[in-house]
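S.K.: coords-v5.tsv is reproduced in full below (TSV, C-alpha atoms and all ligand atoms).
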```
chain	number	residue	atom	x	y	z
A	27	MET	CA	34.45	12.84	4.26
A	28	SER	CA	36.29	15.27	6.60
A	29	SER	CA	38.36	13.82	9.45
A	30	GLY	CA	35.83	15.28	11.93
A	31	ALA	CA	33.00	13.46	10.23
A	32	ARG	CA	35.04	10.23	10.16
A	33	GLU	CA	35.67	10.58	13.88
A	34	ARG	CA	31.95	11.00	14.53
A	35	GLU	CA	31.23	7.94	12.42
A	36	LYS	CA	33.73	5.82	14.35
A	37	VAL	CA	32.92	6.76	17.90
A	38	PHE	CA	29.26	7.66	17.86
A	39	VAL	CA	27.80	5.90	14.84
A	40	GLU	CA	28.73	2.38	13.81
A	41	HIS	CA	27.37	0.64	10.71
A	42	CYS	CA	27.26	-3.13	11.12
A	43	LYS	CA	25.16	-6.26	10.63
A	44	GLY	CA	22.43	-7.40	13.00
A	45	ALA	CA	20.14	-10.43	13.18
A	46	ASN	CA	19.91	-12.42	9.93
A	47	GLY	CA	22.64	-10.22	8.43
A	48	LEU	CA	20.34	-7.18	8.30
A	49	ASP	CA	22.00	-3.76	8.19
A	50	LYS	CA	22.06	-2.05	11.53
A	51	VAL	CA	23.39	1.20	12.93
A	52	VAL	CA	24.59	1.43	16.53
A	53	LEU	CA	24.57	4.86	18.18
A	54	ARG	CA	26.75	5.34	21.26
A	55	GLU	CA	27.19	8.22	23.64
A	56	VAL	CA	30.05	9.03	25.99
A	57	ARG	CA	28.32	7.92	29.20
A	58	GLY	CA	27.87	4.42	27.77
A	59	THR	CA	24.28	4.78	26.56
A	60	SER	CA	23.42	3.25	23.18
A	61	ALA	CA	20.69	2.68	20.63
A	62	GLU	CA	20.34	0.38	17.64
A	63	VAL	CA	18.47	1.09	14.43
A	64	TYR	CA	17.67	-1.46	11.71
A	65	LEU	CA	17.39	-0.23	8.14
A	66	TYR	CA	14.65	-2.83	7.82
A	67	GLY	CA	11.62	-0.86	8.99
A	68	GLY	CA	13.78	2.16	9.89
A	69	GLN	CA	13.25	0.64	13.28
A	70	VAL	CA	14.89	1.33	16.61
A	71	THR	CA	15.33	-2.07	18.30
A	72	SER	CA	17.42	-1.21	21.33
A	73	TRP	CA	17.94	1.69	23.70
A	74	LYS	CA	20.22	1.18	26.68
A	75	ASN	CA	21.06	3.37	29.64
A	76	GLU	CA	24.56	3.97	31.02
A	77	TYR	CA	24.38	0.70	33.01
A	78	GLY	CA	23.72	-1.26	29.82
A	79	GLU	CA	20.11	-1.94	30.84
A	80	GLU	CA	17.69	-2.40	27.94
A	81	LEU	CA	14.81	0.09	28.02
A	82	LEU	CA	12.84	-1.15	25.03
A	83	PHE	CA	11.04	-4.46	24.66
A	84	VAL	CA	11.78	-6.77	21.73
A	85	SER	CA	10.07	-10.14	21.69
A	86	SER	CA	12.25	-13.24	21.98
A	87	LYS	CA	10.11	-14.49	19.07
A	88	ALA	CA	10.74	-11.48	16.81
A	89	THR	CA	11.65	-12.87	13.39
A	90	PHE	CA	13.85	-10.08	11.92
A	91	LYS	CA	12.77	-11.32	8.52
A	92	SER	CA	10.89	-9.59	5.70
A	93	PRO	CA	7.96	-9.22	5.23
A	94	LYS	CA	7.08	-9.40	8.94
A	95	ALA	CA	7.71	-6.25	10.96
A	96	ILE	CA	10.11	-6.64	13.88
A	97	ARG	CA	8.04	-7.29	17.01
A	98	GLY	CA	9.33	-4.69	19.43
A	99	GLY	CA	11.43	-1.54	19.63
A	100	ILE	CA	9.84	1.35	17.76
A	101	PRO	CA	8.08	0.32	14.53
A	102	ILE	CA	6.94	3.24	12.39
A	103	CYS	CA	3.25	3.14	11.43
A	104	PHE	CA	2.84	4.94	8.10
A	105	PRO	CA	0.84	5.74	5.97
A	106	GLN	CA	-1.74	4.47	8.40
A	107	PHE	CA	-2.18	3.51	12.00
A	108	GLY	CA	-4.58	0.58	12.36
A	109	SER	CA	-6.24	-1.28	9.53
A	110	HIS	CA	-8.53	0.45	7.07
A	111	GLY	CA	-9.18	-0.17	3.43
A	112	SER	CA	-6.73	-2.18	1.38
A	113	LEU	CA	-3.56	-1.00	3.12
A	114	GLU	CA	-1.98	-3.48	5.51
A	115	GLN	CA	-2.36	-2.98	9.28
A	116	HIS	CA	-0.18	-0.07	10.46
A	117	GLY	CA	0.97	0.66	6.90
A	118	PHE	CA	4.08	-0.52	5.13
A	119	ALA	CA	6.93	1.68	6.40
A	120	ARG	CA	7.68	-0.86	9.14
A	121	ASN	CA	8.46	-3.64	6.67
A	122	ARG	CA	10.36	-1.78	3.98
A	123	PHE	CA	14.13	-1.47	3.62
A	124	TRP	CA	15.09	2.12	4.35
A	125	SER	CA	18.31	3.74	3.10
A	126	ILE	CA	20.88	5.91	4.80
A	127	ASP	CA	20.15	9.54	3.92
A	128	HIS	CA	23.64	10.89	3.21
A	129	ASP	CA	22.61	14.42	2.44
A	130	PRO	CA	19.50	15.37	4.43
A	131	PRO	CA	18.16	18.91	4.09
A	132	PRO	CA	19.22	21.18	6.95
A	133	PHE	CA	17.93	20.18	10.33
A	134	PRO	CA	17.55	22.70	13.15
A	135	THR	CA	19.19	20.53	15.81
A	136	ASN	CA	21.32	20.86	18.85
A	137	SER	CA	24.93	20.82	17.62
A	138	GLY	CA	25.89	18.90	20.80
A	139	ASN	CA	24.27	15.80	19.35
A	140	LYS	CA	26.84	13.55	17.68
A	141	ALA	CA	25.15	10.14	17.83
A	142	PHE	CA	22.50	10.30	15.16
A	143	ILE	CA	21.57	8.66	11.89
A	144	ASP	CA	19.43	9.91	9.01
A	145	LEU	CA	17.31	7.41	7.12
A	146	ILE	CA	15.06	7.84	4.13
A	147	LEU	CA	12.17	5.90	2.64
A	148	LYS	CA	10.80	6.51	-0.84
A	149	PRO	CA	8.14	4.46	-2.62
A	150	SER	CA	9.23	1.65	-4.92
A	151	GLU	CA	7.22	0.88	-8.05
A	152	GLU	CA	5.56	-1.96	-6.15
A	153	ASP	CA	4.64	0.43	-3.33
A	154	SER	CA	3.05	2.84	-5.79
A	155	LYS	CA	0.58	0.11	-6.70
A	156	ILE	CA	-0.51	-0.17	-3.05
A	157	TRP	CA	-0.50	3.55	-2.25
A	158	SER	CA	-0.38	5.70	-5.34
A	159	HIS	CA	1.56	8.64	-3.93
A	160	ARG	CA	5.12	9.86	-4.11
A	161	TYR	CA	6.77	10.94	-0.91
A	162	GLU	CA	10.07	11.32	0.87
A	163	PHE	CA	10.02	10.12	4.44
A	164	ARG	CA	13.12	11.25	6.35
A	165	LEU	CA	13.74	9.86	9.80
A	166	ARG	CA	16.45	11.09	12.11
A	167	VAL	CA	17.20	8.95	15.18
A	168	THR	CA	19.34	10.72	17.76
A	169	LEU	CA	20.84	9.53	21.01
A	170	GLY	CA	21.40	12.68	23.06
A	171	PRO	CA	24.50	13.16	25.24
A	172	GLY	CA	22.36	12.43	28.31
A	173	GLY	CA	20.99	9.21	26.78
A	174	ASP	CA	17.65	10.57	25.57
A	175	LEU	CA	16.28	8.92	22.43
A	176	MET	CA	14.78	11.27	19.85
A	177	LEU	CA	12.98	10.36	16.65
A	178	THR	CA	12.08	13.03	14.15
A	179	SER	CA	10.07	12.24	11.03
A	180	ARG	CA	9.74	14.57	8.08
A	181	ILE	CA	7.31	13.49	5.40
A	182	ARG	CA	7.10	15.42	2.15
A	183	ASN	CA	4.53	15.07	-0.59
A	184	THR	CA	6.52	14.78	-3.85
A	185	ASN	CA	3.54	13.98	-6.09
A	186	THR	CA	3.94	15.46	-9.55
A	187	ASP	CA	0.28	15.02	-10.48
A	188	GLY	CA	-0.91	17.82	-8.18
A	189	LYS	CA	-2.57	15.40	-5.76
A	190	SER	CA	-2.67	15.78	-1.99
A	191	PHE	CA	-2.37	12.76	0.24
A	192	THR	CA	-3.66	11.92	3.68
A	193	PHE	CA	-2.09	9.68	6.31
A	194	THR	CA	-2.16	8.66	9.95
A	195	PHE	CA	0.98	7.86	11.91
A	196	ALA	CA	2.42	6.34	15.09
A	197	TYR	CA	5.76	5.65	16.73
A	198	HIS	CA	4.68	2.22	17.99
A	199	THR	CA	6.99	2.29	21.03
A	200	TYR	CA	7.39	-0.96	23.02
A	201	LEU	CA	8.76	0.00	26.45
A	202	PHE	CA	10.36	-2.68	28.59
A	203	VAL	CA	8.73	-2.82	32.03
A	204	THR	CA	9.56	-5.08	34.95
A	205	ASP	CA	5.99	-6.05	35.79
A	206	ILE	CA	3.02	-4.58	33.92
A	207	SER	CA	0.77	-4.91	36.98
A	208	GLU	CA	3.07	-2.46	38.81
A	209	VAL	CA	3.12	0.15	36.04
A	210	ARG	CA	1.17	3.41	35.94
A	211	VAL	CA	0.81	5.97	33.22
A	212	GLU	CA	0.28	9.59	34.09
A	213	GLY	CA	-0.77	12.43	31.81
A	214	LEU	CA	-3.73	10.72	30.14
A	215	GLU	CA	-6.28	10.76	32.95
A	216	THR	CA	-9.59	12.56	32.26
A	217	LEU	CA	-8.93	12.51	28.49
A	218	ASP	CA	-11.23	11.17	25.80
A	219	TYR	CA	-10.12	8.00	24.06
A	220	LEU	CA	-11.23	5.67	21.29
A	221	ASP	CA	-11.39	2.08	22.49
A	222	ASN	CA	-9.99	-0.27	19.84
A	223	LEU	CA	-11.50	-3.19	21.75
A	224	LYS	CA	-14.96	-1.66	21.30
A	225	GLY	CA	-14.93	-0.70	17.65
A	226	ARG	CA	-13.26	2.64	18.39
A	227	GLU	CA	-16.17	3.88	20.48
A	228	ARG	CA	-15.36	7.13	22.30
A	229	PHE	CA	-15.08	7.20	26.12
A	230	THR	CA	-13.67	9.53	28.76
A	231	GLU	CA	-10.93	8.25	31.08
A	232	GLN	CA	-11.57	8.50	34.80
A	233	GLY	CA	-9.54	10.74	37.06
A	234	ASP	CA	-6.93	8.26	38.25
A	235	ALA	CA	-3.59	7.44	36.68
A	236	ILE	CA	-3.83	4.46	34.36
A	237	THR	CA	-2.92	1.01	35.68
A	238	PHE	CA	-3.12	-2.41	34.01
A	239	GLU	CA	-4.98	-5.58	34.87
A	240	SER	CA	-6.31	-6.73	31.48
A	241	GLU	CA	-5.98	-6.11	27.75
A	242	VAL	CA	-5.77	-2.42	26.83
A	243	ASP	CA	-5.95	-0.92	23.34
A	244	LYS	CA	-6.87	2.76	23.49
A	245	ILE	CA	-6.20	5.85	21.43
A	246	TYR	CA	-6.10	8.86	23.77
A	247	LEU	CA	-7.03	12.04	21.94
A	248	SER	CA	-5.36	15.45	22.03
A	249	THR	CA	-3.10	14.54	24.94
A	250	PRO	CA	-0.59	16.78	26.72
A	251	THR	CA	2.86	16.76	25.11
A	252	LYS	CA	4.38	14.87	28.08
A	253	ILE	CA	3.37	11.46	29.35
A	254	ALA	CA	5.04	9.63	32.25
A	255	ILE	CA	5.26	5.85	32.49
A	256	LEU	CA	6.26	4.67	35.95
A	257	ASP	CA	7.90	1.28	36.38
A	258	HIS	CA	7.35	1.00	40.11
A	259	GLU	CA	9.37	-2.15	40.64
A	260	ARG	CA	12.49	-0.76	38.95
A	261	LYS	CA	11.90	2.74	40.33
A	262	ARG	CA	12.24	4.07	36.82
A	263	THR	CA	10.11	6.63	35.01
A	264	PHE	CA	10.00	6.96	31.26
A	265	VAL	CA	9.07	10.42	30.10
A	266	LEU	CA	7.68	10.61	26.59
A	267	ARG	CA	7.54	14.01	24.95
A	268	LYS	CA	5.97	14.56	21.59
A	269	ASP	CA	5.43	17.25	19.05
A	270	GLY	CA	3.17	17.27	15.98
A	271	LEU	CA	1.49	14.10	17.24
A	272	PRO	CA	-1.67	14.98	19.18
A	273	ASP	CA	-2.77	11.47	20.14
A	274	ALA	CA	-1.24	8.65	22.20
A	275	VAL	CA	-1.96	4.94	21.82
A	276	VAL	CA	-1.65	2.64	24.84
A	277	TRP	CA	-1.54	-1.11	24.12
A	278	ASN	CA	-0.93	-4.29	26.04
A	279	PRO	CA	-2.34	-7.52	24.58
A	280	TRP	CA	-2.50	-9.35	27.94
A	281	ASP	CA	-2.51	-13.15	28.14
A	282	LYS	CA	-5.16	-14.29	25.66
A	283	LYS	CA	-4.23	-11.96	22.79
A	284	ALA	CA	-0.51	-12.63	23.47
A	285	LYS	CA	-1.06	-16.33	22.73
A	286	ALA	CA	-2.68	-15.45	19.41
A	287	ILE	CA	0.31	-13.38	18.20
A	288	SER	CA	2.77	-15.75	16.54
A	289	ASP	CA	5.88	-13.63	17.10
A	290	PHE	CA	5.15	-12.80	20.74
A	291	GLY	CA	5.88	-15.02	23.77
A	292	ASP	CA	2.92	-16.17	25.87
A	293	ASP	CA	4.12	-14.39	29.03
A	294	GLU	CA	5.92	-11.47	27.44
A	295	TYR	CA	2.94	-9.16	27.92
A	296	LYS	CA	4.07	-8.86	31.54
A	297	HIS	CA	7.23	-7.06	30.46
A	298	MET	CA	6.06	-4.60	27.86
A	299	LEU	CA	3.81	-1.64	27.38
A	300	CYS	CA	3.27	0.22	24.15
A	301	VAL	CA	2.85	3.96	24.54
A	302	GLU	CA	2.83	5.50	21.11
A	303	ALA	CA	3.00	9.13	20.05
A	304	ALA	CA	0.47	9.16	17.23
A	305	CYS	CA	-1.80	11.09	14.95
A	306	VAL	CA	-4.93	9.02	14.41
A	307	GLU	CA	-8.16	10.90	14.99
A	308	LYS	CA	-7.47	13.76	12.60
A	309	PRO	CA	-5.41	12.48	9.64
A	310	ILE	CA	-2.73	14.73	8.17
A	311	THR	CA	-3.16	16.02	4.62
A	312	LEU	CA	-0.20	17.27	2.60
A	313	LYS	CA	-0.41	19.11	-0.70
A	314	PRO	CA	2.39	18.57	-3.22
A	315	GLY	CA	5.56	20.20	-1.89
A	316	GLU	CA	4.29	20.34	1.69
A	317	GLU	CA	6.14	18.71	4.57
A	318	TRP	CA	4.95	17.42	7.95
A	319	LYS	CA	7.15	16.93	10.98
A	320	GLY	CA	6.46	14.70	14.00
A	321	ARG	CA	8.78	14.12	16.92
A	322	GLN	CA	8.98	11.74	19.86
A	323	GLU	CA	11.55	12.04	22.62
A	324	LEU	CA	12.06	9.45	25.33
A	325	SER	CA	14.04	9.74	28.52
A	326	ALA	CA	14.37	7.32	31.43
A	327	VAL	CA	14.92	8.78	34.88
A	328	PRO	CA	14.93	7.29	38.38
A	329	SER	CA	11.48	7.64	39.95
A	330	SER	CA	11.62	9.71	43.09
A	331	TYR	CA	8.49	7.85	43.85
A	332	CYS	CA	6.88	5.94	46.70
A	333	SER	CA	3.68	4.10	45.96
A	334	GLY	CA	0.68	6.39	46.18
A	335	GLN	CA	2.72	9.53	46.83
A	336	LEU	CA	3.59	10.54	43.33
A	337	ASP	CA	3.10	14.13	42.47
A	338	PRO	CA	2.33	14.06	38.75
A	339	CYS	CA	3.27	17.71	38.45
A	340	LYS	CA	6.81	16.89	39.53
A	341	VAL	CA	7.22	14.10	37.04
A	342	LEU	CA	5.88	16.19	34.22
A	343	GLN	CA	7.69	19.38	35.08
A	344	GLY	CA	10.53	20.85	33.15
A	345	GLY	CA	11.71	20.83	29.58
B	401	LIG	C1	-1.47	-1.43	18.54
B	401	LIG	C2	-2.92	-1.44	18.12
B	401	LIG	O1	-0.91	-0.19	18.33
B	401	LIG	O2	-0.78	-2.40	17.77
B	401	LIG	C3	-3.49	-2.83	18.33
B	401	LIG	O3	-3.63	-0.48	18.85
B	401	LIG	C4	-2.66	-3.88	17.61
B	401	LIG	O4	-4.82	-2.87	17.90
B	401	LIG	C5	-1.21	-3.71	18.02
B	401	LIG	O5	-3.13	-5.16	17.94
B	401	LIG	C6	-0.25	-4.69	17.34
B	401	LIG	O6	-0.37	-4.63	15.97
B	401	LIG	P1	0.51	-5.53	15.05
B	401	LIG	O7	0.02	-5.31	13.64
B	401	LIG	O8	1.94	-5.10	15.22
B	401	LIG	O9	0.32	-6.96	15.51
```
Take the structure in the file and write it out as structure tokens.
M.R.:
Amino acid sequence: MSSGAREREKVFVEHCKGANGLDKVVLREVRGTSAEVYLYGGQVTSWKNEYGEELLFVSSKATFKSPKAIRGGIPICFPQFGSHGSLEQHGFARNRFWSIDHDPPPFPTNSGNKAFIDLILKPSEEDSKIWSHRYEFRLRVTLGPGGDLMLTSRIRNTNTDGKSFTFTFAYHTYLFVTDISEVRVEGLETLDYLDNLKGRERFTEQGDAITFESEVDKIYLSTPTKIAILDHERKRTFVLRKDGLPDAVVWNPWDKKAKAISDFGDDEYKHMLCVEAACVEKPITLKPGEEWKGRQELSAVPSSYCSGQLDPCKVLQGG
């Protein structure tokens, strides 16, 4: 390893142990922002701003133990979102041990990014019995110099039997919010959605920004590439940008469902909201040798926002 690479490793990327001795990578940027990624699940479990404030939700009851997925952060749903057929709910990528990808194929990225880690998931023999396809799933997690958190997935069909495969996908992002009843989501109004609480029946959202007063489990279809999540109490806005992922899932279990989830605290629903860049309605098909790319980028900015006076265009402006 060159001395430059060693320097990058030391300052920006630290390999260490996390809960239950699981391998973890900590990304740090100069302003004091950080992110943590577990090799178990290839899962981001922490993203902090320059004041050390946690921006993602992880349940106090998360087990950090195979085979259960870690409850919080950003689980990866692959090769399916939801539960269909014999595959487990949300697929298996979130409860497999990923590896560090030491030699990823070239990545057209911003050379200013130093805090990043490349992970890879390939099927084990056991996995092939559950899903009979060969693939290489490369995940790059980057903490940008300004503290933005970027996840890029590249999935390649490496089948040697000439077979295509089809999958659905989601970055199951658990955002930490101060009080769910004071949160609004902008960018999804007037869109069609499939309601998971009503057997995926299709509805059209009304004109207003989305607010929360009961259980929500919706798949918004063909959304804009930017969605804003406003935490009114903390005067913070999350901006989620996505690419290659047309849909967006919004989930909060609320009180009753929360009690039924064993690794989720009874009252924790008040402090989380899942907004997930996803591809659900129209599954992706890859022929052998083909690669798909899907990206989610999160930033957290102060809301220049007074209740009822938000100009959605302002929040969603700019690159
Ligand atoms: C959401 C789904 O994305 O994930 C919900 O829309 C589901 O239907 C939720 O309940 C949590 O799933 P899991 O498997 O992590 O408990």
S.K.: Measuring atom to atom with all atoms listed in the file, identify which of A:Gly67, A:Gly320, A:Pro250, A:Pro279 is nearest to ligand LIG 401 (chain B).
M.R.: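 Between A:Gly67, A:Gly320, A:Pro250, A:Pro279, the residue approaching ligand LIG 401 (chain B) most closely is A:Pro279.
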S.K.: My list of candidates is A:Ser154, A:Thr263, A:Gln115, A:Asn139. Which is closest to ligand LIG 401 (chain B) when distances are computed with all atoms listed in the file?
M.R.: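 For ligand LIG 401 (chain B), the nearest of the candidates is A:Gln115.
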S.K.: Quick one: 8 Å padding each side, axis-aligned, all listed atoms of range 160-170 of chain A - centre and edge lengths in Å to one decimal, as lines of an AutoDock Vina configuration file?
M.R.:
```
center_x = 13.3
center_y = 10.8
center_z = 9.5
size_x = 32.3
size_y = 19.7
size_z = 43.2
```
S.K.: Distance CA of Ile287 in chain A-CA of Leu247 in chain A, one decimal place?
M.R.: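 Separation of CA of Ile287 in chain A and CA of Leu247 in chain A: 26.7 Å.
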S.K.: What separation in Å, quoted to one decimal, exists between CA of Ala284 in chain A and CA of Ile253 in chain A?
M.R.: 25.1 Å
S.K.: Pick from A:Thr230, A:Thr249, A:Thr237, A:Thr199: nearest to Gly213 in chain A, with only C-alpha atoms counted?
M.R.: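 Comparing A:Thr230, A:Thr249, A:Thr237, A:Thr199 against Gly213 in chain A, the winner is A:Thr249.
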S.K.: What is the distance, in Å and to one decimal place, between CA of Gly270 in chain A and CA of Pro131 in chain A?
M.R.: 19.2 Å
S.K.: Here is a test: counting all atoms listed in the file, which residue of A:Lys319, A:Lys74, A:His116, A:Arg228 is nearest to Arg57 in chain A?
M.R.: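 Of all the options, A:Lys74 lies closest to Arg57 in chain A.
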S.K.: With all atoms listed in the file as the basis for distance, which of A:Glu215, A:Glu114, A:Glu79, A:Asp221 is at the shortest distance from Gly233 in chain A?
M.R.: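 Once distances to Gly233 in chain A are computed over all atoms listed in the file, the minimum belongs to A:Glu215.
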S.K.: From the options A:Ser329, A:Ser137, A:Thr311, A:Asn121, which residue's atoms come nearest to Arg182 in chain A, counting only C-alpha atoms?
M.R.: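 Comparing A:Ser329, A:Ser137, A:Thr311, A:Asn121 against Arg182 in chain A, the winner is A:Thr311.
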S.K.: Show me a table, sorted first by chain and then by increasing residue number, of the residues of chain A having an atom at most 7 Å from ligand LIG 401 (chain B), each with its shortest atom pair and the distance in Å to one decimal, counting only C-alpha atoms and all ligand atoms and written as a tab-separated table.
M.R.:
```
residue	atom	partner	partner_atom	distance
A:Arg97	CA	B:LIG401	O8	6.7
A:Gly108	CA	B:LIG401	C2	6.3
A:Gln115	CA	B:LIG401	O7	5.5
A:His116	CA	B:LIG401	O7	6.1
A:His198	CA	B:LIG401	O1	6.1
A:Asn222	CA	B:LIG401	O4	6.1
A:Asp243	CA	B:LIG401	O3	5.1
A:Lys244	CA	B:LIG401	O3	6.5
A:Val275	CA	B:LIG401	O1	6.3
A:Trp277	CA	B:LIG401	C1	5.6
A:Ile287	CA	B:LIG401	O9	7.0
```
S.K.: When you look at Lys283 in chain A with a cut-off of 12 Å (counting all atoms listed in the file), what residues show up, excluding the ones that are within fewer than 2 positions of it in the same chain? I need them as a VMD selection string.
M.R.: chain A and resid 223 240 to 243 277 to 281 285 to 295
S.K.: With 10 Å as the threshold, what does the neighbourhood of (12.2, 6.6, 0.8) contain in terms of residues, counting all atoms listed in the file? Coordinates are those of the file; answer as a VMD selection string.
M.R.: chain A and resid 119 122 to 127 145 to 150 160 to 165 181
S.K.: Taking 5 positions as the minimum chain separation for residues in the same chain, which residues sit within 7 Å of Arg321 in chain A when counting all atoms listed in the file? Answer as number ranges by chain.
M.R.: A: 177-179, 268-270
S.K.: With only C-alpha atoms as the counted atoms, please give the residues lying no more than 12 Å from range 40-50 of chain A, apart from itself and same-chain residues fewer than 6 positions off, as a ChimeraX atom specification.
M.R.: /A:32-34,60-72,88-92,96,123-126,140-143,145
S.K.: Given the point (6.4, 5.6, 32.4) in the file's coordinates, find the residues that have an atom at most 9 Å from it, counting only C-alpha atoms, and give them as a VMD selection string.
M.R.: chain A and resid 201 203 209 to 212 253 to 257 262 to 266 301 326
S.K.: Convert the current residue selection to file output with C-alpha atoms, as a tab-separated table (two decimals), keeping the file's coordinate frame.
M.R.:
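Everything below was put into result-v5.tsv:
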```tsv
chain	number	residue	atom	x	y	z
A	201	LEU	CA	8.76	0.00	26.45
A	203	VAL	CA	8.73	-2.82	32.03
A	209	VAL	CA	3.12	0.15	36.04
A	210	ARG	CA	1.17	3.41	35.94
A	211	VAL	CA	0.81	5.97	33.22
A	212	GLU	CA	0.28	9.59	34.09
A	253	ILE	CA	3.37	11.46	29.35
A	254	ALA	CA	5.04	9.63	32.25
A	255	ILE	CA	5.26	5.85	32.49
A	256	LEU	CA	6.26	4.67	35.95
A	257	ASP	CA	7.90	1.28	36.38
A	262	ARG	CA	12.24	4.07	36.82
A	263	THR	CA	10.11	6.63	35.01
A	264	PHE	CA	10.00	6.96	31.26
A	265	VAL	CA	9.07	10.42	30.10
A	266	LEU	CA	7.68	10.61	26.59
A	301	VAL	CA	2.85	3.96	24.54
A	326	ALA	CA	14.37	7.32	31.43
```
